Amino acid sequence: MPSFVSLNLNKDFLRLYHKGKSCAKPTLVVYCMKNRLGLCRVGITTGKKIGGAVQRNRARRVIRAALQNTLCAHDLAGWDLVFVARTKTTRVKEPVVRAAMEDALQTLGVIA
RNA sequence: AGAGUGGAUCGGGCAGUCGCGGGUCGCAAGACACGAGGAAAGUCCGAGCUCCAUACAGCAGGGUAACGGCUAACGGCCGCCGAGGGUGACCUUAGGGAAAGUGCAACAGAAAGAAACCGCCGCUUUUGCGGCAAGGAUGGAAAGGCGAGGUAAGAGCUCACCGGCGCGCAGGAGACUGCGCGGCCAUGUAAACCCUACCCGGAGCAACACCGACCGGAUGCAGCAAUGCGCGUUCGCUGGACGUAUAUCCAAAGGGUGGCUUGAGCCUGUCGGCAACGGCAGGCCUAGACAGAUGAUUGCCUUCAAUGACAGAACUCGGCUUACAGAUCCACUCUCUUU
RNA sequence: GGCCCGUUGGUCAAGUGGCCUAAGACUCCGGCCUCUCACGCCGGCAACAGCGGUUCGAAUCCGCUACGGGUCA
């Protein structure tokens with residue numbers, strides 16, 4: 001099973017927001033950037049705007065499940081990724097988020 | 001049958017596949033069981049725990065407010081009294097003191113506290129003097145209410161009933177209730193200042209303890225000394241206490257470890273109590289993360305429906321308050337019909 | 001997570017329980033002035049976060065709720 005390391009520094013998030021490439025879908029926003037570590041680092045952002053703790057947990061879990069399924073099919077090593085949840089993410093099922101995620105990653109050139 | 005009152009409970013269950021968190025076993029691969037709530041929420045009260053004198057005094061400040069009990073404690077809960085509402089079951093109630101004092105009561109009104117504008121009566125006479133507070137008018141509130149006697153006119157001036165106050169007797173654990181007697185003096189506001197009684201030291205797990213790389217900081221003045229001033233020890237102020245030089249203290253990372261879950265714990269039975277609650281016996285172990293774990297998907301069953309309410313533990317408890325689709329149960333009240 | 005603070009027209013804001021039918025400024029609207037615009041002058045619209053309580057009377061006092069901010073590693 002390919003794994004990932006979580007991003008937890010505000011510095012890394014800001015670097016991706018400012019210098020990374022982005023692609024927005026109705027259920028998801030993706031920021032990406034290459035790193036030289038040879039492994040995949042991922043951060044998930046669920047802002048206060050999308051709801052309370054229940055909605056934020058729901059969005060984070062759905063994104064994480066979609067990421068697991070995407071990692072089974074593609075190799076993302078060498079990339080830093082940040083996923084930002086939107087309001088629609090809380091009302092949507094996992095395959096919808098996975099489709100949006102793969103579509104966005106394809107647009108950004110992360111996966112072929 | 002209809003309408004209603006009070007209380008309690010549930011918040012789907014089972015199974016399969018992929019994945020997550022900490023725990024136990026294992027060299028490892030992996031295996032095993034466990035894994036959000038009734039409000040986890042708001043942070044409105046009360047505690048445990050930790051540090052600061054195992055915390056002390058005064059002032060300031062804050063809180064509570066009928067009575068009896070429960071509790072570790074409480075502003076909570078139970079019972080009960082008074083007041084108010086309802087035909088009733090039942091519900092609501094920050095419910096001490098206004099005769100300790102101060103303030104306020106706009107506008108209106110003569111007057112908002114020891115009153116007299118219109119008015120009533122007597123004398124005098126066309127203007128005054130004296131008596132009165134029944135009636136009018138204003139107001140949220142007008143000097144106990146209503147009736148009778150009485151009078152020049154009137155007035156608790158006198159009397160009956162009611163209301164309030166004081167005293168005595170009886171009942172009760174007490175708040176209080178009932179009866180009798182007395183005299184009629186007291187407008188409202190204390191969620192205005194205040195008074196009385198009782199309670200509260202401060203801060204909060206981002207507390208605190210230990211380890212800790214790099215770069216750093218503090219240890220003053222007088223005196224032989226005791227000591228004094230200063231400084232520090234978390235507190236709004238003052239006092240008081242403690243410490244004050246060659247080894248200690250402070251600070252210190254994208255820090256690390258502990259604190260971190262066995263506890264005023266839960267379930268069942270029984271006994272005491274109207275109840276809150278307490279005693280005894282037996283059984284059980286039931287999240288512990290540190291960017292933060294429960295998701296995805298499939299099938300079956302119960303169901304009107306379960307894809308669907310409100311909603312996610314962050315040191316831990318006891319309460320309060322607020323949010324909540326739907327469902328179930330228990331007790332009771334009123335009305336109608338039938339027997 | 002803990003501890004504090006605030007909410008008054010579209011914006012900034014003042015406001016001793018009664019004179020509040022809520023001051024003022026900017027904005028907006030209408031009119032006057034001007035050949036026209038600006039400036040100026042006159043007039044107008046527009047608010048006490050919500051619910052409940054205390055009081056004769058609440059923007060003000062007391063609770064609860066909602067929203068917005070600050071601070072602590």
# chains A, B, ... in the order shown; residues from 1 in each chain; ligands from 1

$ residues_around --residues "segment 65-71 of chain C" --least-positions-apart "6" --cutoff "10 Å" --atoms "only C-alpha atoms (C1' of nucleotides)" --output "list in words"
G42, U321 and U322 of chain B; C3, C4, C5, G6, U7, A49, G50 and C51 of chain C

$ interface_residues --of "chain A" --to "chain B" --cutoff "6 Å" --atoms "only C-alpha atoms (C1' of nucleotides)" --output "VMD selection string"
chain A and resid 8 54 61

$ write_last_selection --atoms "N, CA and C atoms" --output "tab-separated table (two decimals), in the first residue's frame"
chain	number	residue	atom	x	y	z
A	8	ASN	N	1.86	19.41	8.36
A	8	ASN	CA	1.26	20.04	9.52
A	8	ASN	C	1.86	21.40	9.85
A	54	VAL	N	-18.84	18.52	13.09
A	54	VAL	CA	-19.37	17.35	12.41
A	54	VAL	C	-19.14	17.45	10.92
A	61	ARG	N	-12.88	13.09	6.30
A	61	ARG	CA	-12.89	11.64	6.13
A	61	ARG	C	-13.18	11.27	4.69

$ residues_around --residues "Val110 of chain A" --least-positions-apart "4" --cutoff "9 Å" --atoms "only C-alpha atoms (C1' of nucleotides)" --output "NGL selection string"
:A and (32 or 76 or 79 or 104-106)

$ residues_around --residues "segment 121-135 of chain B" --least-positions-apart "3" --cutoff "12 Å" --atoms "only C-alpha atoms (C1' of nucleotides)" --output "VMD selection string"
chain B and resid 115 to 116 118 143 151 to 155

$ select_by_dssp --residues "chain A" --states "strand (DSSP E)" --output "PyMOL selection string"
chain A and resi 5-6+21-25+28-34+41-45+79-85

$ write_last_selection --atoms "N, CA and C atoms" --output "compact mmCIF listing (two decimals), in the first residue's frame"
# COMPACT_ATOMS: atom_id res chain seq x y z
N VAL A 5 2.80 11.15 3.91
CA VAL A 5 3.15 11.84 5.15
C VAL A 5 2.26 13.07 5.23
N SER A 6 1.78 13.41 6.43
CA SER A 6 0.89 14.56 6.50
C SER A 6 1.69 15.84 6.70
N LYS A 21 0.67 25.05 -8.07
CA LYS A 21 -0.38 25.13 -9.08
C LYS A 21 -1.67 24.65 -8.45
N SER A 22 -2.79 25.21 -8.93
CA SER A 22 -4.07 24.87 -8.30
C SER A 22 -5.10 24.53 -9.36
N CYS A 23 -6.12 23.78 -8.93
CA CYS A 23 -7.26 23.47 -9.77
C CYS A 23 -8.47 23.32 -8.89
N ALA A 24 -9.57 24.04 -9.18
CA ALA A 24 -10.76 24.05 -8.36
C ALA A 24 -11.88 23.27 -9.03
N LYS A 25 -12.52 22.41 -8.24
CA LYS A 25 -13.72 21.69 -8.66
C LYS A 25 -14.84 22.08 -7.69
N LEU A 28 -14.04 20.29 -4.46
CA LEU A 28 -12.67 20.13 -3.99
C LEU A 28 -11.77 21.16 -4.65
N VAL A 29 -10.77 21.64 -3.90
CA VAL A 29 -9.71 22.47 -4.47
C VAL A 29 -8.40 21.76 -4.20
N VAL A 30 -7.53 21.67 -5.25
CA VAL A 30 -6.27 20.95 -5.12
C VAL A 30 -5.13 21.92 -5.41
N TYR A 31 -4.12 21.92 -4.51
CA TYR A 31 -2.87 22.63 -4.76
C TYR A 31 -1.80 21.57 -4.86
N CYS A 32 -0.83 21.75 -5.81
CA CYS A 32 0.22 20.74 -5.91
C CYS A 32 1.55 21.41 -6.20
N MET A 33 2.64 20.70 -5.86
CA MET A 33 3.99 21.21 -6.03
C MET A 33 4.95 20.03 -5.90
N LYS A 34 6.01 20.04 -6.68
CA LYS A 34 6.97 18.95 -6.59
C LYS A 34 7.89 19.15 -5.39
N ARG A 41 3.61 14.04 0.29
CA ARG A 41 3.15 14.73 1.49
C ARG A 41 1.80 15.38 1.19
N VAL A 42 0.85 15.21 2.12
CA VAL A 42 -0.53 15.63 1.87
C VAL A 42 -1.03 16.43 3.07
N GLY A 43 -1.77 17.53 2.79
CA GLY A 43 -2.48 18.26 3.83
C GLY A 43 -3.92 18.43 3.43
N ILE A 44 -4.81 18.35 4.43
CA ILE A 44 -6.23 18.53 4.17
C ILE A 44 -6.70 19.72 5.00
N THR A 45 -7.35 20.67 4.35
CA THR A 45 -7.84 21.86 5.02
C THR A 45 -9.36 21.85 5.02
N TRP A 79 5.48 14.42 -4.67
CA TRP A 79 4.59 15.58 -4.77
C TRP A 79 4.13 16.01 -3.39
N ASP A 80 3.97 17.34 -3.25
CA ASP A 80 3.26 17.90 -2.09
C ASP A 80 1.88 18.29 -2.54
N LEU A 81 0.85 17.85 -1.80
CA LEU A 81 -0.53 18.13 -2.20
C LEU A 81 -1.28 18.74 -1.02
N VAL A 82 -2.17 19.70 -1.33
CA VAL A 82 -3.08 20.24 -0.31
C VAL A 82 -4.48 20.17 -0.88
N PHE A 83 -5.38 19.56 -0.14
CA PHE A 83 -6.78 19.50 -0.54
C PHE A 83 -7.59 20.41 0.37
N VAL A 84 -8.43 21.25 -0.24
CA VAL A 84 -9.27 22.16 0.53
C VAL A 84 -10.72 21.75 0.33
N ALA A 85 -11.41 21.50 1.44
CA ALA A 85 -12.81 21.10 1.35
C ALA A 85 -13.69 22.31 1.09

$ select_by_dssp --residues "chain A" --states "alpha helix (DSSP H)" --output "MDAnalysis selection string"
chainID A and resid 10:19 53:73 94:107

$ residues_around --residues "Asp75 of chain A" --least-positions-apart "3" --cutoff "9 Å" --atoms "only C-alpha atoms (C1' of nucleotides)" --output "PyMOL selection string"
chain A and resi 2+40+70-72+111

$ atom_distance --atom1 "atom C1' of G236 of chain B" --atom2 "atom C1' of A60 of chain B"
7.5 Å

$ atom_distance --atom1 "atom C1' of A305 of chain B" --atom2 "atom CA of Thr27 of chain A"
29.1 Å

$ atom_distance --atom1 "atom C1' of A313 of chain B" --atom2 "atom CA of Lys48 of chain A"
19.4 Å

$ closest_residue --among "B:C199, B:A141, B:A33, B:A41" --to "C56 of chain C" --atoms "only C-alpha atoms (C1' of nucleotides)"
B:A141

$ residues_around --residues "U189 of chain B" --least-positions-apart "3" --cutoff "9 Å" --atoms "only C-alpha atoms (C1' of nucleotides)" --output "ChimeraX atom specification"
/B:98,104-105,192 /C:55

$ write_last_selection --atoms "all heavy atoms" --output "JSON list (two decimals), in the first residue's frame"
[["chain", "number", "residue", "atom", "x", "y", "z"],
["B", 98, "A", "P", -39.77, 46.24, 55.38],
["B", 98, "A", "OP1", -40.75, 46.64, 56.40],
["B", 98, "A", "OP2", -40.18, 45.38, 54.26],
["B", 98, "A", "O5'", -39.16, 47.57, 54.78],
["B", 98, "A", "C5'", -38.41, 48.45, 55.59],
["B", 98, "A", "C4'", -38.43, 49.87, 55.04],
["B", 98, "A", "O4'", -37.88, 49.86, 53.70],
["B", 98, "A", "C3'", -39.80, 50.51, 54.92],
["B", 98, "A", "O3'", -39.70, 51.89, 55.27],
["B", 98, "A", "C2'", -40.15, 50.37, 53.46],
["B", 98, "A", "O2'", -41.01, 51.36, 52.97],
["B", 98, "A", "C1'", -38.77, 50.51, 52.82],
["B", 98, "A", "N9", -38.67, 49.88, 51.50],
["B", 98, "A", "C8", -39.42, 48.86, 50.99],
["B", 98, "A", "N7", -39.10, 48.53, 49.77],
["B", 98, "A", "C5", -38.07, 49.40, 49.46],
["B", 98, "A", "C6", -37.30, 49.57, 48.31],
["B", 98, "A", "N6", -37.44, 48.83, 47.21],
["B", 98, "A", "N1", -36.36, 50.51, 48.31],
["B", 98, "A", "C2", -36.22, 51.25, 49.41],
["B", 98, "A", "N3", -36.88, 51.19, 50.56],
["B", 98, "A", "C4", -37.81, 50.24, 50.51],
["B", 104, "C", "P", -33.58, 62.96, 44.34],
["B", 104, "C", "OP1", -33.11, 64.09, 43.51],
["B", 104, "C", "OP2", -34.42, 63.23, 45.53],
["B", 104, "C", "O5'", -34.35, 61.94, 43.39],
["B", 104, "C", "C5'", -33.72, 61.44, 42.22],
["B", 104, "C", "C4'", -34.52, 60.31, 41.62],
["B", 104, "C", "O4'", -34.54, 59.18, 42.53],
["B", 104, "C", "C3'", -35.99, 60.61, 41.38],
["B", 104, "C", "O3'", -36.22, 61.34, 40.19],
["B", 104, "C", "C2'", -36.59, 59.20, 41.36],
["B", 104, "C", "O2'", -36.36, 58.58, 40.11],
["B", 104, "C", "C1'", -35.76, 58.49, 42.42],
["B", 104, "C", "N1", -36.42, 58.45, 43.75],
["B", 104, "C", "C2", -37.44, 57.54, 43.98],
["B", 104, "C", "O2", -37.80, 56.77, 43.08],
["B", 104, "C", "N3", -38.03, 57.50, 45.20],
["B", 104, "C", "C4", -37.62, 58.34, 46.15],
["B", 104, "C", "N4", -38.22, 58.28, 47.34],
["B", 104, "C", "C5", -36.60, 59.28, 45.94],
["B", 104, "C", "C6", -36.03, 59.30, 44.73],
["B", 105, "A", "P", -37.41, 62.39, 40.14],
["B", 105, "A", "OP1", -37.34, 63.07, 38.83],
["B", 105, "A", "OP2", -37.41, 63.20, 41.39],
["B", 105, "A", "O5'", -38.70, 61.46, 40.15],
["B", 105, "A", "C5'", -38.97, 60.60, 39.05],
["B", 105, "A", "C4'", -40.20, 59.78, 39.30],
["B", 105, "A", "O4'", -39.96, 58.89, 40.42],
["B", 105, "A", "C3'", -41.45, 60.56, 39.72],
["B", 105, "A", "O3'", -42.12, 61.11, 38.60],
["B", 105, "A", "C2'", -42.26, 59.51, 40.44],
["B", 105, "A", "O2'", -42.96, 58.69, 39.55],
["B", 105, "A", "C1'", -41.17, 58.67, 41.11],
["B", 105, "A", "N9", -40.97, 59.03, 42.54],
["B", 105, "A", "C8", -40.07, 59.88, 43.09],
["B", 105, "A", "N7", -40.14, 59.97, 44.39],
["B", 105, "A", "C5", -41.17, 59.10, 44.72],
["B", 105, "A", "C6", -41.76, 58.73, 45.95],
["B", 105, "A", "N6", -41.36, 59.21, 47.13],
["B", 105, "A", "N1", -42.77, 57.84, 45.93],
["B", 105, "A", "C2", -43.17, 57.36, 44.75],
["B", 105, "A", "N3", -42.70, 57.63, 43.54],
["B", 105, "A", "C4", -41.69, 58.51, 43.59],
["B", 192, "A", "P", -33.01, 47.73, 39.39],
["B", 192, "A", "OP1", -34.15, 47.69, 40.32],
["B", 192, "A", "OP2", -33.20, 47.93, 37.96],
["B", 192, "A", "O5'", -32.04, 48.90, 39.89],
["B", 192, "A", "C5'", -31.55, 48.90, 41.21],
["B", 192, "A", "C4'", -30.84, 50.19, 41.47],
["B", 192, "A", "O4'", -31.80, 51.24, 41.76],
["B", 192, "A", "C3'", -29.91, 50.21, 42.67],
["B", 192, "A", "O3'", -28.65, 49.63, 42.38],
["B", 192, "A", "C2'", -29.83, 51.69, 43.00],
["B", 192, "A", "O2'", -28.96, 52.35, 42.11],
["B", 192, "A", "C1'", -31.26, 52.14, 42.71],
["B", 192, "A", "N9", -32.10, 52.12, 43.92],
["B", 192, "A", "C8", -33.16, 51.32, 44.19],
["B", 192, "A", "N7", -33.71, 51.54, 45.34],
["B", 192, "A", "C5", -32.96, 52.56, 45.88],
["B", 192, "A", "C6", -33.03, 53.26, 47.10],
["B", 192, "A", "N6", -33.94, 53.03, 48.03],
["B", 192, "A", "N1", -32.13, 54.24, 47.33],
["B", 192, "A", "C2", -31.23, 54.49, 46.38],
["B", 192, "A", "N3", -31.05, 53.90, 45.20],
["B", 192, "A", "C4", -31.96, 52.93, 45.00],
["C", 55, "U", "P", -41.90, 43.92, 39.85],
["C", 55, "U", "OP1", -42.30, 43.93, 41.26],
["C", 55, "U", "OP2", -42.73, 43.23, 38.83],
["C", 55, "U", "O5'", -41.72, 45.43, 39.38],
["C", 55, "U", "C5'", -40.96, 46.35, 40.16],
["C", 55, "U", "C4'", -40.72, 47.63, 39.41],
["C", 55, "U", "O4'", -39.91, 47.35, 38.24],
["C", 55, "U", "C3'", -41.97, 48.30, 38.84],
["C", 55, "U", "O3'", -42.68, 49.04, 39.81],
["C", 55, "U", "C2'", -41.37, 49.16, 37.73],
["C", 55, "U", "O2'", -40.80, 50.34, 38.27],
["C", 55, "U", "C1'", -40.24, 48.27, 37.21],
["C", 55, "U", "N1", -40.66, 47.51, 36.00],
["C", 55, "U", "C2", -40.43, 48.14, 34.79],
["C", 55, "U", "O2", -39.92, 49.23, 34.70],
["C", 55, "U", "N3", -40.83, 47.42, 33.69],
["C", 55, "U", "C4", -41.42, 46.18, 33.67],
["C", 55, "U", "O4", -41.71, 45.68, 32.60],
["C", 55, "U", "C5", -41.63, 45.61, 34.97],
["C", 55, "U", "C6", -41.24, 46.28, 36.06]]

$ residues_around --residues "G147 of chain B" --least-positions-apart "2" --cutoff "12 Å" --atoms "only C-alpha atoms (C1' of nucleotides)" --output "list of chain:residue names"
B:G145, B:G149, B:C159, B:A160, B:C161, B:C162

$ write_last_selection --atoms "N, CA and C atoms (P, O5', C5', C4', C3', O3' and C1' of nucleotides)" --output "tab-separated table (two decimals), in the first residue's frame"
chain	number	residue	atom	x	y	z
B	145	G	P	-60.22	53.85	52.36
B	145	G	O5'	-60.83	52.44	51.91
B	145	G	C5'	-60.51	51.89	50.64
B	145	G	C4'	-61.34	50.66	50.37
B	145	G	C3'	-62.84	50.83	50.61
B	145	G	O3'	-63.50	51.36	49.47
B	145	G	C1'	-62.08	48.88	51.71
B	149	G	P	-77.61	55.17	59.46
B	149	G	O5'	-76.87	55.42	60.86
B	149	G	C5'	-77.47	54.98	62.07
B	149	G	C4'	-76.49	55.07	63.22
B	149	G	C3'	-76.18	56.47	63.74
B	149	G	O3'	-77.16	56.96	64.62
B	149	G	C1'	-74.17	55.21	63.51
B	159	C	P	-65.04	50.88	68.69
B	159	C	O5'	-66.26	50.20	67.92
B	159	C	C5'	-67.40	49.75	68.66
B	159	C	C4'	-68.47	49.21	67.72
B	159	C	C3'	-68.01	48.10	66.78
B	159	C	O3'	-67.93	46.83	67.42
B	159	C	C1'	-69.33	49.66	65.58
B	160	A	P	-66.94	45.71	66.82
B	160	A	O5'	-67.74	45.13	65.57
B	160	A	C5'	-68.92	44.35	65.77
B	160	A	C4'	-69.52	43.91	64.45
B	160	A	C3'	-68.55	43.24	63.48
B	160	A	O3'	-68.31	41.88	63.78
B	160	A	C1'	-69.83	44.85	62.33
B	161	C	P	-66.86	41.27	63.58
B	161	C	O5'	-66.76	41.13	62.00
B	161	C	C5'	-67.63	40.24	61.30
B	161	C	C4'	-67.51	40.42	59.80
B	161	C	C3'	-66.11	40.32	59.24
B	161	C	O3'	-65.66	38.99	59.07
B	161	C	C1'	-67.17	42.21	58.32
B	162	C	P	-64.06	38.63	59.27
B	162	C	O5'	-63.36	39.31	58.01
B	162	C	C5'	-63.60	38.82	56.69
B	162	C	C4'	-63.02	39.75	55.65
B	162	C	C3'	-61.52	40.02	55.74
B	162	C	O3'	-60.74	38.95	55.24
B	162	C	C1'	-62.64	42.05	55.37

$ decode --residues "segment 73-103 of chain A" --atoms "N, CA and C atoms" --output "PDB file, in the first residue's frame"
ATOM      1  N   ALA A  73      -4.407   3.384  -7.261  1.00  0.00           N
ATOM      2  CA  ALA A  73      -4.340   3.336  -8.721  1.00  0.00           C
ATOM      3  C   ALA A  73      -3.136   4.078  -9.273  1.00  0.00           C
ATOM      4  N   HIS A  74      -2.635   5.103  -8.578  1.00  0.00           N
ATOM      5  CA  HIS A  74      -1.578   5.946  -9.137  1.00  0.00           C
ATOM      6  C   HIS A  74      -0.465   6.116  -8.122  1.00  0.00           C
ATOM      7  N   ASP A  75       0.702   6.455  -8.608  1.00  0.00           N
ATOM      8  CA  ASP A  75       1.849   6.725  -7.758  1.00  0.00           C
ATOM      9  C   ASP A  75       2.046   8.231  -7.657  1.00  0.00           C
ATOM     10  N   LEU A  76       1.996   8.752  -6.447  1.00  0.00           N
ATOM     11  CA  LEU A  76       2.086  10.200  -6.257  1.00  0.00           C
ATOM     12  C   LEU A  76       3.376  10.596  -5.547  1.00  0.00           C
ATOM     13  N   ALA A  77       4.350   9.709  -5.534  1.00  0.00           N
ATOM     14  CA  ALA A  77       5.571  10.016  -4.808  1.00  0.00           C
ATOM     15  C   ALA A  77       6.281  11.199  -5.440  1.00  0.00           C
ATOM     16  N   GLY A  78       6.863  12.078  -4.595  1.00  0.00           N
ATOM     17  CA  GLY A  78       7.553  13.259  -5.093  1.00  0.00           C
ATOM     18  C   GLY A  78       6.684  14.484  -5.224  1.00  0.00           C
ATOM     19  N   TRP A  79       5.483  14.423  -4.670  1.00  0.00           N
ATOM     20  CA  TRP A  79       4.592  15.580  -4.772  1.00  0.00           C
ATOM     21  C   TRP A  79       4.133  16.009  -3.393  1.00  0.00           C
ATOM     22  N   ASP A  80       3.965  17.344  -3.247  1.00  0.00           N
ATOM     23  CA  ASP A  80       3.263  17.896  -2.088  1.00  0.00           C
ATOM     24  C   ASP A  80       1.877  18.286  -2.543  1.00  0.00           C
ATOM     25  N   LEU A  81       0.854  17.850  -1.802  1.00  0.00           N
ATOM     26  CA  LEU A  81      -0.528  18.131  -2.199  1.00  0.00           C
ATOM     27  C   LEU A  81      -1.282  18.745  -1.019  1.00  0.00           C
ATOM     28  N   VAL A  82      -2.175  19.697  -1.327  1.00  0.00           N
ATOM     29  CA  VAL A  82      -3.083  20.239  -0.315  1.00  0.00           C
ATOM     30  C   VAL A  82      -4.480  20.171  -0.884  1.00  0.00           C
ATOM     31  N   PHE A  83      -5.382  19.563  -0.140  1.00  0.00           N
ATOM     32  CA  PHE A  83      -6.780  19.501  -0.545  1.00  0.00           C
ATOM     33  C   PHE A  83      -7.585  20.413   0.365  1.00  0.00           C
ATOM     34  N   VAL A  84      -8.429  21.255  -0.237  1.00  0.00           N
ATOM     35  CA  VAL A  84      -9.274  22.162   0.530  1.00  0.00           C
ATOM     36  C   VAL A  84     -10.718  21.747   0.331  1.00  0.00           C
ATOM     37  N   ALA A  85     -11.410  21.504   1.436  1.00  0.00           N
ATOM     38  CA  ALA A  85     -12.809  21.101   1.349  1.00  0.00           C
ATOM     39  C   ALA A  85     -13.689  22.311   1.088  1.00  0.00           C
ATOM     40  N   ARG A  86     -14.769  22.091   0.354  1.00  0.00           N
ATOM     41  CA  ARG A  86     -15.749  23.152   0.119  1.00  0.00           C
ATOM     42  C   ARG A  86     -17.075  22.735   0.732  1.00  0.00           C
ATOM     43  N   THR A  87     -18.048  23.631   0.680  1.00  0.00           N
ATOM     44  CA  THR A  87     -19.311  23.367   1.362  1.00  0.00           C
ATOM     45  C   THR A  87     -20.014  22.136   0.802  1.00  0.00           C
ATOM     46  N   LYS A  88     -19.879  21.904  -0.510  1.00  0.00           N
ATOM     47  CA  LYS A  88     -20.558  20.760  -1.116  1.00  0.00           C
ATOM     48  C   LYS A  88     -19.941  19.437  -0.685  1.00  0.00           C
ATOM     49  N   THR A  89     -18.705  19.457  -0.239  1.00  0.00           N
ATOM     50  CA  THR A  89     -18.023  18.211   0.119  1.00  0.00           C
ATOM     51  C   THR A  89     -18.751  17.485   1.233  1.00  0.00           C
ATOM     52  N   THR A  90     -19.418  18.212   2.106  1.00  0.00           N
ATOM     53  CA  THR A  90     -20.063  17.583   3.256  1.00  0.00           C
ATOM     54  C   THR A  90     -21.315  16.826   2.862  1.00  0.00           C
ATOM     55  N   ARG A  91     -21.875  17.098   1.678  1.00  0.00           N
ATOM     56  CA  ARG A  91     -23.148  16.472   1.303  1.00  0.00           C
ATOM     57  C   ARG A  91     -22.973  15.463   0.177  1.00  0.00           C
ATOM     58  N   VAL A  92     -21.749  15.023  -0.079  1.00  0.00           N
ATOM     59  CA  VAL A  92     -21.445  14.274  -1.280  1.00  0.00           C
ATOM     60  C   VAL A  92     -20.748  12.987  -0.872  1.00  0.00           C
ATOM     61  N   LYS A  93     -20.873  11.920  -1.726  1.00  0.00           N
ATOM     62  CA  LYS A  93     -20.277  10.635  -1.378  1.00  0.00           C
ATOM     63  C   LYS A  93     -18.868  10.527  -1.923  1.00  0.00           C
ATOM     64  N   GLU A  94     -18.199   9.466  -1.487  1.00  0.00           N
ATOM     65  CA  GLU A  94     -16.774   9.307  -1.769  1.00  0.00           C
ATOM     66  C   GLU A  94     -16.455   9.218  -3.253  1.00  0.00           C
ATOM     67  N   PRO A  95     -17.199   8.432  -4.111  1.00  0.00           N
ATOM     68  CA  PRO A  95     -16.831   8.332  -5.531  1.00  0.00           C
ATOM     69  C   PRO A  95     -16.859   9.670  -6.258  1.00  0.00           C
ATOM     70  N   VAL A  96     -17.768  10.548  -5.863  1.00  0.00           N
ATOM     71  CA  VAL A  96     -17.829  11.873  -6.490  1.00  0.00           C
ATOM     72  C   VAL A  96     -16.548  12.642  -6.204  1.00  0.00           C
ATOM     73  N   VAL A  97     -16.085  12.591  -4.951  1.00  0.00           N
ATOM     74  CA  VAL A  97     -14.864  13.295  -4.584  1.00  0.00           C
ATOM     75  C   VAL A  97     -13.671  12.657  -5.268  1.00  0.00           C
ATOM     76  N   ARG A  98     -13.684  11.311  -5.380  1.00  0.00           N
ATOM     77  CA  ARG A  98     -12.554  10.643  -6.019  1.00  0.00           C
ATOM     78  C   ARG A  98     -12.476  11.040  -7.491  1.00  0.00           C
ATOM     79  N   ALA A  99     -13.620  11.095  -8.178  1.00  0.00           N
ATOM     80  CA  ALA A  99     -13.632  11.493  -9.584  1.00  0.00           C
ATOM     81  C   ALA A  99     -13.091  12.905  -9.740  1.00  0.00           C
ATOM     82  N   ALA A 100     -13.536  13.809  -8.864  1.00  0.00           N
ATOM     83  CA  ALA A 100     -13.055  15.192  -8.934  1.00  0.00           C
ATOM     84  C   ALA A 100     -11.569  15.254  -8.656  1.00  0.00           C
ATOM     85  N   MET A 101     -11.105  14.444  -7.718  1.00  0.00           N
ATOM     86  CA  MET A 101      -9.689  14.458  -7.360  1.00  0.00           C
ATOM     87  C   MET A 101      -8.823  13.975  -8.527  1.00  0.00           C
ATOM     88  N   GLU A 102      -9.222  12.849  -9.145  1.00  0.00           N
ATOM     89  CA  GLU A 102      -8.434  12.317 -10.259  1.00  0.00           C
ATOM     90  C   GLU A 102      -8.462  13.263 -11.450  1.00  0.00           C
ATOM     91  N   ASP A 103      -9.637  13.878 -11.686  1.00  0.00           N
ATOM     92  CA  ASP A 103      -9.761  14.844 -12.775  1.00  0.00           C
ATOM     93  C   ASP A 103      -8.821  16.029 -12.562  1.00  0.00           C
TER      94      ASP A 103
END
